[in-house]
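S.K.: To be precise about what I am sending: the file is called protein-v6.txt and holds compact mmCIF, C-alpha atoms.
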```txt
# COMPACT_ATOMS: atom_id res chain seq x y z
CA MET A 703 -129.96 -99.03 95.42
CA ALA A 704 -133.16 -98.54 93.47
CA GLY A 705 -133.58 -95.15 91.76
CA ALA A 706 -130.92 -92.86 90.42
CA LEU A 707 -129.55 -90.00 92.55
CA HIS A 708 -127.75 -86.93 91.20
CA ALA A 709 -126.49 -83.73 92.86
CA VAL A 710 -125.01 -80.65 91.21
CA ILE A 711 -123.55 -78.22 93.72
CA GLY A 712 -120.99 -75.43 93.95
CA THR A 713 -120.40 -71.72 94.50
CA ASP A 714 -120.35 -70.93 90.77
CA GLU A 715 -124.06 -70.19 90.39
CA GLY A 716 -124.01 -69.86 86.62
CA ARG A 717 -122.16 -73.13 86.05
CA VAL A 718 -124.32 -75.01 88.55
CA SER A 719 -127.49 -73.76 86.82
CA GLU A 720 -126.17 -74.71 83.38
CA GLU A 721 -124.97 -78.16 84.42
CA ALA A 722 -128.09 -78.98 86.42
CA LEU A 723 -130.36 -78.04 83.51
CA ALA A 724 -128.23 -80.09 81.12
CA ARG A 725 -128.36 -83.05 83.54
CA PHE A 726 -132.15 -82.70 83.87
CA ASN A 727 -132.60 -82.72 80.10
CA ASP A 728 -130.39 -85.80 79.80
CA LEU A 729 -132.24 -87.65 82.55
CA LYS A 730 -135.76 -86.92 81.33
CA PRO A 731 -137.47 -89.98 79.85
CA GLU A 732 -137.88 -89.86 76.08
CA GLY A 733 -141.28 -88.69 75.02
CA GLY A 734 -142.04 -87.32 78.49
CA ASN A 735 -144.42 -84.43 79.11
CA GLU A 736 -145.34 -82.06 81.92
CA PHE A 737 -146.95 -84.93 83.83
CA THR A 738 -143.79 -87.01 83.70
CA ASN A 739 -141.35 -84.83 85.63
CA GLU A 740 -141.53 -82.58 88.66
CA VAL A 741 -139.42 -79.48 89.28
CA VAL A 742 -139.58 -78.24 92.86
CA GLU A 743 -138.18 -74.75 93.34
CA GLY A 744 -135.77 -74.84 96.26
CA VAL A 745 -135.62 -71.15 97.20
CA ALA A 746 -136.98 -70.77 100.73
CA ALA A 747 -137.51 -67.44 102.48
CA ASN A 748 -137.49 -69.08 105.92
CA ALA A 749 -137.23 -72.41 107.73
CA GLU A 750 -140.94 -73.21 107.43
CA GLU A 751 -140.81 -72.80 103.65
CA ALA A 752 -137.73 -75.04 103.57
CA TYR A 753 -139.67 -77.72 105.46
CA GLN A 754 -142.58 -77.46 103.02
CA ILE A 755 -140.24 -77.68 100.01
CA CYS A 756 -138.77 -80.91 101.39
CA GLY A 757 -142.33 -82.21 101.77
CA LYS A 758 -143.09 -81.48 98.11
CA VAL A 759 -139.93 -83.33 97.05
CA ILE A 760 -140.85 -86.33 99.19
CA GLU A 761 -144.34 -86.35 97.70
CA GLY A 762 -142.86 -86.27 94.20
CA LEU A 763 -140.48 -89.12 94.96
CA GLN A 764 -143.25 -91.28 96.39
CA THR A 765 -145.78 -90.62 93.61
CA ILE A 766 -145.51 -92.83 90.55
CA GLY A 767 -145.31 -91.17 87.15
CA PHE A 768 -148.29 -90.62 84.89
CA PHE A 769 -149.56 -94.08 83.81
CA GLY A 770 -146.60 -95.59 85.68
CA ALA A 771 -144.00 -93.94 83.46
CA GLU A 772 -140.50 -93.06 84.55
CA LYS A 773 -140.05 -89.61 86.08
CA VAL A 774 -137.44 -87.14 87.30
CA VAL A 775 -137.87 -85.09 90.46
CA TRP A 776 -135.59 -82.03 90.48
CA LEU A 777 -135.04 -80.01 93.67
CA ARG A 778 -133.78 -76.88 91.90
CA GLY A 779 -131.58 -74.26 93.52
CA ALA A 780 -132.02 -75.34 97.15
CA ASN A 781 -130.86 -72.52 99.43
CA PHE A 782 -131.51 -74.12 102.82
CA LEU A 783 -128.68 -76.66 102.94
CA ALA A 784 -125.89 -74.30 103.98
CA ASP A 785 -124.54 -73.49 107.42
CA ASP A 786 -126.55 -70.28 107.79
CA ARG A 787 -129.59 -68.98 109.63
CA THR A 788 -132.16 -70.77 107.48
CA GLY A 789 -130.18 -73.95 106.98
CA GLY A 790 -129.38 -74.24 110.67
CA ALA A 791 -132.95 -73.70 111.87
CA GLU A 792 -134.61 -76.71 113.48
CA ARG A 793 -137.57 -76.74 111.08
CA SER A 794 -135.26 -76.78 108.03
CA ARG A 795 -133.21 -79.58 109.50
CA GLU A 796 -136.37 -81.58 110.18
CA GLY A 797 -137.37 -81.28 106.53
CA VAL A 798 -133.91 -82.28 105.26
CA GLU A 799 -133.76 -85.24 107.67
CA ALA A 800 -137.16 -86.41 106.46
CA LEU A 801 -135.98 -86.19 102.84
CA LEU A 802 -132.81 -88.06 103.71
CA GLY A 803 -134.87 -90.79 105.38
CA VAL A 804 -136.91 -91.29 102.21
CA LEU A 805 -133.75 -91.46 100.08
CA LYS A 806 -132.14 -93.96 102.45
CA ALA A 807 -135.25 -96.16 102.37
CA GLY A 808 -134.94 -96.26 98.60
CA ILE A 809 -136.93 -94.73 95.78
CA GLY A 810 -138.48 -96.72 92.97
CA ASP A 811 -136.51 -97.81 89.92
CA GLU A 812 -138.72 -95.58 87.81
CA VAL A 813 -137.80 -92.44 89.80
CA THR A 814 -134.69 -90.28 89.38
CA PHE A 815 -133.81 -87.63 91.96
CA LEU A 816 -131.78 -84.56 90.96
CA MET A 817 -130.74 -81.81 93.35
CA SER A 818 -128.92 -78.54 92.66
CA ALA A 819 -127.62 -76.06 95.23
CA ASN A 820 -125.01 -73.32 95.46
CA ALA A 821 -124.13 -73.89 99.11
CA ILE A 822 -124.29 -77.01 101.23
CA ASP A 823 -122.86 -77.80 104.65
CA LYS A 824 -120.41 -80.61 103.94
CA ARG A 825 -120.20 -81.56 107.60
CA ARG A 826 -123.80 -82.75 107.81
CA GLY A 827 -125.12 -86.22 107.21
CA PHE A 828 -127.15 -85.24 104.15
CA TYR A 829 -124.08 -84.28 102.11
CA LYS A 830 -121.97 -87.16 103.40
CA TRP A 831 -124.68 -89.64 102.43
CA LEU A 832 -125.04 -88.08 98.96
CA GLN A 833 -121.28 -88.39 98.44
CA LYS A 834 -121.49 -92.15 98.98
CA HIS A 835 -124.74 -92.91 97.17
CA ALA A 836 -125.29 -90.23 94.51
CA GLU A 837 -123.45 -88.96 91.47
CA VAL A 838 -122.18 -85.62 92.78
CA ALA A 839 -120.75 -82.90 90.51
CA VAL A 840 -119.10 -79.89 92.15
CA PHE A 841 -118.55 -76.56 90.36
CA ASP A 842 -116.91 -73.95 92.58
CA LYS A 843 -115.83 -70.47 91.52
CA ILE A 844 -112.16 -69.95 90.77
CA ASP A 845 -110.45 -68.56 93.86
CA VAL A 846 -109.20 -65.11 92.81
CA SER A 847 -107.18 -64.83 96.02
CA LYS A 848 -104.78 -67.50 94.79
CA PRO A 849 -101.90 -66.85 92.37
CA GLY A 850 -102.57 -67.80 88.77
CA TRP A 851 -106.34 -67.27 88.89
CA GLU A 852 -106.08 -65.10 85.78
CA GLU A 853 -104.84 -68.01 83.70
CA LYS A 854 -107.70 -70.25 84.87
CA VAL A 855 -110.30 -67.60 84.13
CA ALA A 856 -108.69 -66.87 80.76
CA ALA A 857 -108.90 -70.56 79.88
CA GLU A 858 -112.61 -70.60 80.76
CA VAL A 859 -113.20 -67.43 78.73
CA GLY A 860 -111.30 -68.89 75.78
CA LYS A 861 -113.36 -72.08 75.87
CA ARG A 862 -116.69 -70.26 76.05
CA ALA A 863 -115.64 -67.72 73.44
CA GLY A 864 -114.63 -70.54 71.09
CA GLU A 865 -118.11 -72.05 71.43
CA ARG A 866 -119.43 -68.77 70.01
CA GLY A 867 -116.77 -68.57 67.30
CA LEU A 868 -115.02 -65.67 69.08
CA SER A 869 -111.32 -65.09 69.67
CA PHE A 870 -109.50 -62.35 71.60
CA THR A 871 -106.39 -60.32 71.04
CA PRO A 872 -104.04 -60.84 74.04
CA GLU A 873 -104.66 -57.37 75.51
CA ALA A 874 -108.42 -57.67 75.01
CA LEU A 875 -108.43 -61.02 76.83
CA ASP A 876 -106.39 -59.63 79.74
CA LEU A 877 -108.82 -56.76 80.20
CA PHE A 878 -111.90 -58.96 79.78
CA VAL A 879 -110.66 -61.30 82.53
CA GLN A 880 -110.19 -58.39 84.92
CA MET A 881 -113.58 -56.86 84.12
CA ALA A 882 -115.80 -59.94 83.85
CA GLY A 883 -114.25 -61.76 86.81
CA GLU A 884 -114.58 -65.41 87.76
CA GLU A 885 -118.39 -65.79 87.61
CA THR A 886 -119.22 -67.99 84.62
CA ARG A 887 -122.71 -66.49 84.35
CA GLN A 888 -121.22 -63.01 84.07
CA ILE A 889 -118.61 -64.28 81.59
CA GLY A 890 -121.35 -65.83 79.46
CA ASN A 891 -123.47 -62.68 79.54
CA GLU A 892 -120.57 -60.44 78.50
CA LEU A 893 -119.50 -62.82 75.72
CA GLU A 894 -123.05 -62.87 74.38
CA LYS A 895 -123.11 -59.06 74.30
CA LEU A 896 -119.78 -59.00 72.46
CA SER A 897 -120.96 -61.62 69.99
CA LEU A 898 -124.09 -59.63 69.13
CA TYR A 899 -122.15 -56.38 68.89
CA LEU A 900 -119.44 -57.79 66.60
CA GLY A 901 -121.84 -59.38 64.13
CA ASP A 902 -119.84 -61.09 61.38
CA ARG A 903 -116.54 -59.94 62.90
CA ARG A 904 -115.32 -62.60 65.30
CA ARG A 905 -112.06 -61.13 66.63
CA VAL A 906 -112.49 -59.21 69.89
CA GLU A 907 -110.27 -56.12 70.13
CA LEU A 908 -109.32 -54.07 73.18
CA ASP A 909 -111.72 -51.24 72.30
CA ASP A 910 -114.58 -53.74 71.95
CA VAL A 911 -114.09 -54.86 75.55
CA ARG A 912 -113.86 -51.26 76.76
CA LEU A 913 -117.08 -50.37 74.98
CA MET A 914 -119.25 -53.38 75.81
CA VAL A 915 -118.09 -54.71 79.19
CA PRO A 916 -118.98 -52.68 82.31
CA LEU A 917 -115.91 -51.25 84.01
CA SER A 918 -115.73 -52.83 87.46
CA ARG A 919 -113.41 -51.50 90.17
CA LYS A 920 -110.99 -54.31 89.40
CA GLY A 921 -111.18 -53.38 85.73
CA VAL A 922 -110.47 -49.73 86.55
CA VAL A 923 -107.38 -50.71 88.53
CA TRP A 924 -106.22 -52.82 85.59
CA GLU A 925 -106.85 -50.00 83.08
CA ILE A 926 -105.02 -47.41 85.19
CA SER A 927 -102.10 -49.80 85.49
CA ARG A 928 -102.10 -50.47 81.76
CA ALA A 929 -102.23 -46.73 80.97
CA ILE A 930 -99.20 -46.10 83.18
CA GLN A 931 -97.32 -48.99 81.62
CA HIS A 932 -97.99 -47.53 78.19
CA ARG A 933 -97.10 -43.97 79.31
CA ASN A 934 -100.65 -42.86 78.49
CA ALA A 935 -101.11 -40.06 81.01
CA GLY A 936 -104.37 -38.85 79.43
CA ARG A 937 -106.08 -42.23 79.78
CA ALA A 938 -104.81 -42.68 83.36
CA ALA A 939 -106.04 -39.20 84.36
CA GLU A 940 -109.43 -39.84 82.74
CA LEU A 941 -109.87 -43.05 84.73
CA VAL A 942 -108.71 -41.39 87.95
CA ASP A 943 -111.25 -38.59 87.46
CA ALA A 944 -114.08 -41.05 86.80
CA GLN A 945 -113.36 -42.93 90.02
CA LEU A 946 -112.96 -39.79 92.11
CA GLN A 947 -116.35 -38.58 90.83
CA LYS A 948 -117.85 -41.87 92.01
CA GLY A 949 -116.51 -41.22 95.51
CA GLU A 950 -113.43 -43.42 95.32
CA SER A 951 -110.65 -42.43 97.71
CA ALA A 952 -107.54 -40.93 96.11
CA ILE A 953 -105.40 -42.84 98.61
CA GLY A 954 -107.29 -46.02 97.73
CA LEU A 955 -106.57 -45.50 94.03
CA MET A 956 -102.95 -44.73 94.76
CA ARG A 957 -102.39 -47.91 96.76
CA ALA A 958 -104.56 -50.24 94.68
CA ALA A 959 -103.51 -49.14 91.19
CA ILE A 960 -100.50 -46.83 91.04
CA VAL A 961 -98.15 -48.05 93.77
CA PRO A 962 -98.33 -51.76 92.78
CA THR A 963 -97.89 -50.87 89.10
CA VAL A 964 -94.76 -48.77 89.58
CA ARG A 965 -93.33 -51.21 92.11
CA ASN A 966 -93.91 -54.21 89.83
CA LEU A 967 -92.44 -52.39 86.83
CA PHE A 968 -89.30 -51.59 88.81
CA MET A 969 -88.93 -55.11 90.21
CA ALA A 970 -89.62 -56.71 86.85
CA ARG A 971 -87.03 -54.44 85.22
CA VAL A 972 -84.40 -55.41 87.80
CA LEU A 973 -85.28 -59.09 87.38
CA LEU A 974 -84.88 -58.88 83.61
CA ASP A 975 -81.62 -56.94 83.96
CA ASP A 976 -80.22 -59.84 85.99
CA HIS A 977 -82.08 -62.64 84.19
CA PRO A 978 -82.82 -61.60 80.59
CA ASP A 979 -83.81 -65.18 79.74
CA LEU A 980 -86.91 -65.19 81.95
CA PRO A 981 -89.80 -66.47 79.76
CA LEU A 982 -92.40 -63.81 78.93
CA HIS A 983 -94.56 -65.86 76.55
CA ASN A 984 -96.51 -67.66 79.26
CA GLY A 985 -97.49 -66.80 82.84
CA ALA A 986 -97.10 -70.34 84.15
CA ALA A 987 -93.60 -70.62 82.65
CA PHE A 988 -92.64 -67.25 84.17
CA THR A 989 -93.96 -68.33 87.59
CA SER A 990 -92.03 -71.59 87.40
CA ALA A 991 -88.83 -69.75 86.44
CA LEU A 992 -89.20 -67.40 89.42
CA LYS A 993 -89.57 -70.36 91.79
CA ASN A 994 -86.29 -71.76 90.48
CA LEU A 995 -84.36 -68.59 91.30
CA PRO A 996 -82.15 -68.66 94.42
CA GLU A 997 -84.10 -67.76 97.55
CA GLY A 998 -81.99 -64.67 98.13
CA GLU A 999 -83.13 -63.27 94.77
CA ARG A 1000 -86.79 -63.85 95.60
CA ASN A 1001 -86.98 -62.56 99.17
CA TRP A 1002 -87.44 -58.93 98.12
CA LEU A 1003 -90.22 -59.58 95.61
CA PRO A 1004 -93.86 -58.59 96.38
CA ARG A 1005 -96.01 -61.23 98.05
CA THR A 1006 -99.66 -62.21 97.97
CA LYS A 1007 -101.78 -62.47 101.12
CA SER A 1008 -100.85 -66.15 101.33
CA GLY A 1009 -97.15 -65.27 101.42
CA GLU A 1010 -96.29 -66.46 97.92
CA VAL A 1011 -94.42 -64.34 95.39
CA ASN A 1012 -96.91 -62.30 93.35
CA ALA A 1013 -95.63 -63.85 90.14
CA TRP A 1014 -98.59 -62.86 87.98
CA GLY A 1015 -98.33 -59.20 88.83
CA LEU A 1016 -94.64 -59.33 87.97
CA PHE A 1017 -95.36 -61.27 84.78
CA PHE A 1018 -97.71 -58.62 83.40
CA ALA A 1019 -95.26 -55.88 84.40
CA ALA A 1020 -92.36 -57.75 82.80
CA LYS A 1021 -94.16 -57.80 79.46
CA GLN A 1022 -94.33 -53.98 79.53
CA CYS A 1023 -91.22 -52.86 81.40
CA GLY A 1024 -89.11 -52.88 78.24
CA ALA A 1025 -90.40 -49.34 77.64
CA PHE A 1026 -88.58 -48.17 80.79
CA ARG A 1027 -85.00 -48.08 81.96
CA THR A 1028 -84.06 -49.09 85.49
CA ALA A 1029 -82.92 -45.59 86.45
CA GLU A 1030 -86.18 -43.93 85.41
CA LEU A 1031 -88.23 -46.54 87.24
CA ARG A 1032 -86.20 -45.79 90.35
CA GLU A 1033 -87.19 -42.15 89.92
CA ALA A 1034 -90.79 -43.22 89.34
CA LEU A 1035 -90.76 -45.03 92.69
CA GLU A 1036 -89.50 -41.88 94.40
CA ALA A 1037 -92.17 -39.77 92.70
CA THR A 1038 -94.87 -42.22 93.76
CA LEU A 1039 -93.63 -42.14 97.35
CA ASP A 1040 -93.67 -38.32 97.33
CA ALA A 1041 -97.22 -38.27 95.94
CA ASP A 1042 -98.45 -40.82 98.46
CA ARG A 1043 -96.93 -38.76 101.28
CA ALA A 1044 -98.59 -35.62 99.90
CA LEU A 1045 -102.00 -37.30 99.91
CA VAL A 1046 -101.61 -38.33 103.54
CA THR A 1047 -99.80 -35.38 105.14
CA THR A 1048 -100.74 -32.24 103.17
CA GLN A 1049 -103.87 -30.34 102.21
CA LEU A 1050 -103.05 -30.40 98.49
CA ASP A 1051 -105.91 -31.17 96.13
CA HIS A 1052 -105.97 -34.95 95.75
CA ARG A 1053 -107.01 -34.85 92.11
CA LEU A 1054 -104.13 -32.51 91.31
CA VAL A 1055 -101.65 -34.75 93.14
CA LEU A 1056 -102.71 -37.79 91.15
CA HIS A 1057 -102.75 -35.91 87.84
CA ARG A 1058 -99.24 -34.58 88.41
CA LEU A 1059 -98.04 -38.05 89.29
CA VAL A 1060 -99.43 -39.86 86.23
CA VAL A 1061 -98.06 -37.12 83.95
CA ARG A 1062 -94.68 -37.44 85.62
CA LEU A 1063 -94.72 -41.24 85.31
CA ALA A 1064 -95.56 -41.00 81.62
CA ALA A 1065 -92.79 -38.50 80.96
CA THR A 1066 -90.16 -39.82 83.37
CA ARG A 1067 -86.64 -40.04 82.03
CA PRO A 1068 -83.52 -40.85 84.07
CA LYS A 1069 -81.58 -37.86 85.28
CA ARG A 1070 -78.39 -37.18 83.37
CA LYS A 1071 -75.20 -36.72 85.35
CA LYS A 1072 -73.80 -33.23 85.18
CA SER A 1073 -70.63 -33.09 83.12
CA ALA A 1074 -67.52 -32.10 85.02
```
Can I see the file as structure tokens?
M.R.:
Amino acid sequence: MAGALHAVIGTDEGRVSEEALARFNDLKPEGGNEFTNEVVEGVAANAEEAYQICGKVIEGLQTIGFFGAEKVVWLRGANFLADDRTGGAERSREGVEALLGVLKAGIGDEVTFLMSANAIDKRRGFYKWLQKHAEVAVFDKIDVSKPGWEEKVAAEVGKRAGERGLSFTPEALDLFVQMAGEETRQIGNELEKLSLYLGDRRRVELDDVRLMVPLSRKGVVWEISRAIQHRNAGRAAELVDAQLQKGESAIGLMRAAIVPTVRNLFMARVLLDDHPDLPLHNGAAFTSALKNLPEGERNWLPRTKSGEVNAWGLFFAAKQCGAFRTAELREALEATLDADRALVTTQLDHRLVLHRLVVRLAATRPKRKKSA
């Protein structure tokens, strides 16, 4: 088919923007100028605007380049191709069908069409036709609801950090992943800030991440968990206070940060008591080793929403549970249960309940049996 067709799509907005721009720069004819290429902004506020945008693209595809030169027409950031109110409106669909008709009829050899979008309805004819006739690149966000997402994000962070000459200490990388999340644009922004802040120093430490990366709710949960694992009651209390002042529920903090941490520490400690050879150097190896355990030894372990063993939560706990003995973690579970019950059934000050708990968790020691 005459003409070259390219589509860059996906839910990862930052990656789609980067890749589409790189593709546009690669496709542009050498020596081209502003008359050679056309960039049509694809952000439509309503269905009528979507129809008009499609008209502009069609006009660009059917107009020869300046003095007959080759040209690229880029429909950038189209937001009317998804299964939503604008994308499903009749006027939008008319515009997209008209554009599809022009593409099917064939565009000149001198014309290249590039489209980028963050959402597209894959059930419709436009996408299905592009799949068959265009070079389609898909960049979706990492699914943080699936086990092992941390490792995938960490790999992406490591790659992008390396491009800037940066490297992370293990703890700094763990915290960065939790705070920056899976959005590549956000990852890039935070890495750029760290790079500028560090100057000639290229090794990112834990305190650098704490100072420069905004503390998201997920990051707070991670930091509270880490403080408990390290018996740092002061840091845990400080984080609890900061969240309570922001209007966070004490029960929400208890069940998002403290309960899972203590539970995972206890379960990881029991696992290592029974299986001291479990690999702690790598999350994927730890996950694989857990899957190879007899089913009866896995049934009691915490699960994700999908029903799989929460291996990554246990992996991070297993790396820290060496600071605790099984008996004291059993007591920590009981203390956490008592505090949770107090939050729900009593009128005690919630801040005081949480403070007492984190202090108790940091200082917990197994009870000694009374001598006869």
S.K.: Given only C-alpha atoms, how would the per-residue table for range 889-997 of chain A near range 1042-1050 of chain A read, listing every residue at most 8 Å away with its closest atom pair and distance in Å to one decimal, sorted by chain and number, as JSON lines?
M.R.:
```
{"residue": "A:Ala952", "atom": "CA", "partner": "A:Leu1045", "partner_atom": "CA", "distance": 7.6}
{"residue": "A:Ile953", "atom": "CA", "partner": "A:Leu1045", "partner_atom": "CA", "distance": 6.6}
{"residue": "A:Met956", "atom": "CA", "partner": "A:Asp1042", "partner_atom": "CA", "distance": 7.0}
```
S.K.: Between A:Thr814, A:Asn1012, A:Leu955, A:Leu805, which is the closest to Val1055 in chain A once you count only C-alpha atoms?
M.R.: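 When distances to Val1055 in chain A are compared using only C-alpha atoms, the smallest one comes from A:Leu955.
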S.K.: So that I can see what lies close to Gly1015 in chain A, please list as number ranges by chain the residues with an atom at most 9 Å from it, counting only C-alpha atoms and leaving out residues fewer than 3 positions away in the same chain.
M.R.: A: 962-963, 966, 1004, 1012, 1018-1020
S.K.: Keeping only C-alpha atoms, write the selected residues to a file as a compact mmCIF listing (two decimals), in the coordinates of the input.
M.R.:
```
# COMPACT_ATOMS: atom_id res chain seq x y z
CA PRO A 962 -98.33 -51.76 92.78
CA THR A 963 -97.89 -50.87 89.10
CA ASN A 966 -93.91 -54.21 89.83
CA PRO A 1004 -93.86 -58.59 96.38
CA ASN A 1012 -96.91 -62.30 93.35
CA PHE A 1018 -97.71 -58.62 83.40
CA ALA A 1019 -95.26 -55.88 84.40
CA ALA A 1020 -92.36 -57.75 82.80
```
S.K.: Quick one, how far is CA of Phe878 in chain A from CA of Ile930 in chain A?
M.R.: 18.4 Å
S.K.: Check the smallest atom-to-atom distance from each of A:Ser847, A:Asn934, A:Thr871, A:Thr1028 to Gly1009 in chain A using all atoms listed in the file, then report the winner.
M.R.: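 Nearest to Gly1009 in chain A: A:Ser847.
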S.K.: If I take CA of Val742 in chain A and CA of Asp811 in chain A, how far is one from the other in Å, to one decimal?
M.R.: 20.0 Å
S.K.: For Ser818 in chain A, which residue among A:Arg1053, A:Lys920, A:Arg778, A:His932 is the nearest when counting all atoms listed in the file?
M.R.: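 Of the candidates, the smallest distance to Ser818 in chain A is held by A:Arg778.
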S.K.: Counting only C-alpha atoms, which residue out of A:Lys1021, A:Lys948, A:Arg933, A:Arg725 sits closest to Leu974 in chain A?
M.R.: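 Residue with the minimum atom-to-atom distance to Leu974 in chain A: A:Lys1021.
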S.K.: Just checking: using all atoms listed in the file, which residue out of A:Glu796, A:Glu1033, A:Asp979, A:Asp876 ends up closest to Arg965 in chain A?
M.R.: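 For Arg965 in chain A, the nearest of the given residues is A:Glu1033.
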S.K.: Between CA of Val774 in chain A and CA of Leu816 in chain A, what is the distance in Å, rounded to a tenth?
M.R.: 7.2 Å
S.K.: Which polymer residues have any atom within 10 Å of an atom of His708 in chain A, counting only C-alpha atoms, with same-chain residues fewer than 5 positions away left out, as a VMD selection string?
M.R.: chain A and resid 722 725 to 726 729 776 814 to 818 832 to 833 835 to 839
S.K.: Would you mind telling me which residue in A:Thr788, A:Thr1006, A:Asn748, A:Gln1022 lies nearest to Ala929 in chain A when using only C-alpha atoms?
M.R.: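 Of all the options, A:Gln1022 lies closest to Ala929 in chain A.
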S.K.: Find the residues with any atom within 9 Å of (-106.5, -44.8, 90.0); use only C-alpha atoms and the coordinates as given in the file, and write the answer as a count of residues only.
M.R.: 23
S.K.: Fewer than 5 positions away in the same chain doesn't count, so skip those; otherwise give me all residues within 8 Å of Leu1059 in chain A, counting only C-alpha atoms, as a VMD selection string.
M.R.: chain A and resid 1037 to 1038 1041
S.K.: Pick out the residues sitting within 10 Å of Glu1010 in chain A, and hand them over as a list in words; count all atoms listed in the file, and ignore anything fewer than 6 positions along from it in its own chain.
M.R.: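 With the cut-off at 10 Å, the set is Lys848, Pro849, Lys993, Leu1003 and Pro1004 of chain A.
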S.K.: Any chance you can output those residues with C-alpha atoms as a PDB file, in the frame of the given file?
M.R.:
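The resulting file, again_24.pdb, is reproduced below:
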```pdb
ATOM      1  CA  LYS A 848    -104.780 -67.500  94.790  1.00  0.00           C
ATOM      2  CA  PRO A 849    -101.900 -66.850  92.370  1.00  0.00           C
ATOM      3  CA  LYS A 993     -89.570 -70.360  91.790  1.00  0.00           C
ATOM      4  CA  LEU A1003     -90.220 -59.580  95.610  1.00  0.00           C
ATOM      5  CA  PRO A1004     -93.860 -58.590  96.380  1.00  0.00           C
TER       6      PRO A1004
END
```
S.K.: Scan for residues within 10 Å of the point (-140.9, -82.0, 102.4) in the coordinates of the file, using all atoms listed in the file, and reply as a list of chain:residue names.
M.R.: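 Those residues, ordered by chain and then number, are A:Glu751, A:Ala752, A:Tyr753, A:Gln754, A:Ile755, A:Cys756, A:Gly757, A:Lys758, A:Val759, A:Ile760, A:Glu761, A:Gly762, A:Ser794, A:Glu796, A:Gly797, A:Val798, A:Glu799, A:Ala800, A:Leu801.
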S.K.: Contacts of Gly864 in chain A at 12 Å or less, counting only C-alpha atoms, minus same-chain residues fewer than 2 places along, as JSON, numbers by chain?
M.R.: {"A": [856, 857, 858, 859, 860, 861, 862, 866, 867, 868, 869, 870, 890, 893, 894, 897, 904, 905, 906]}
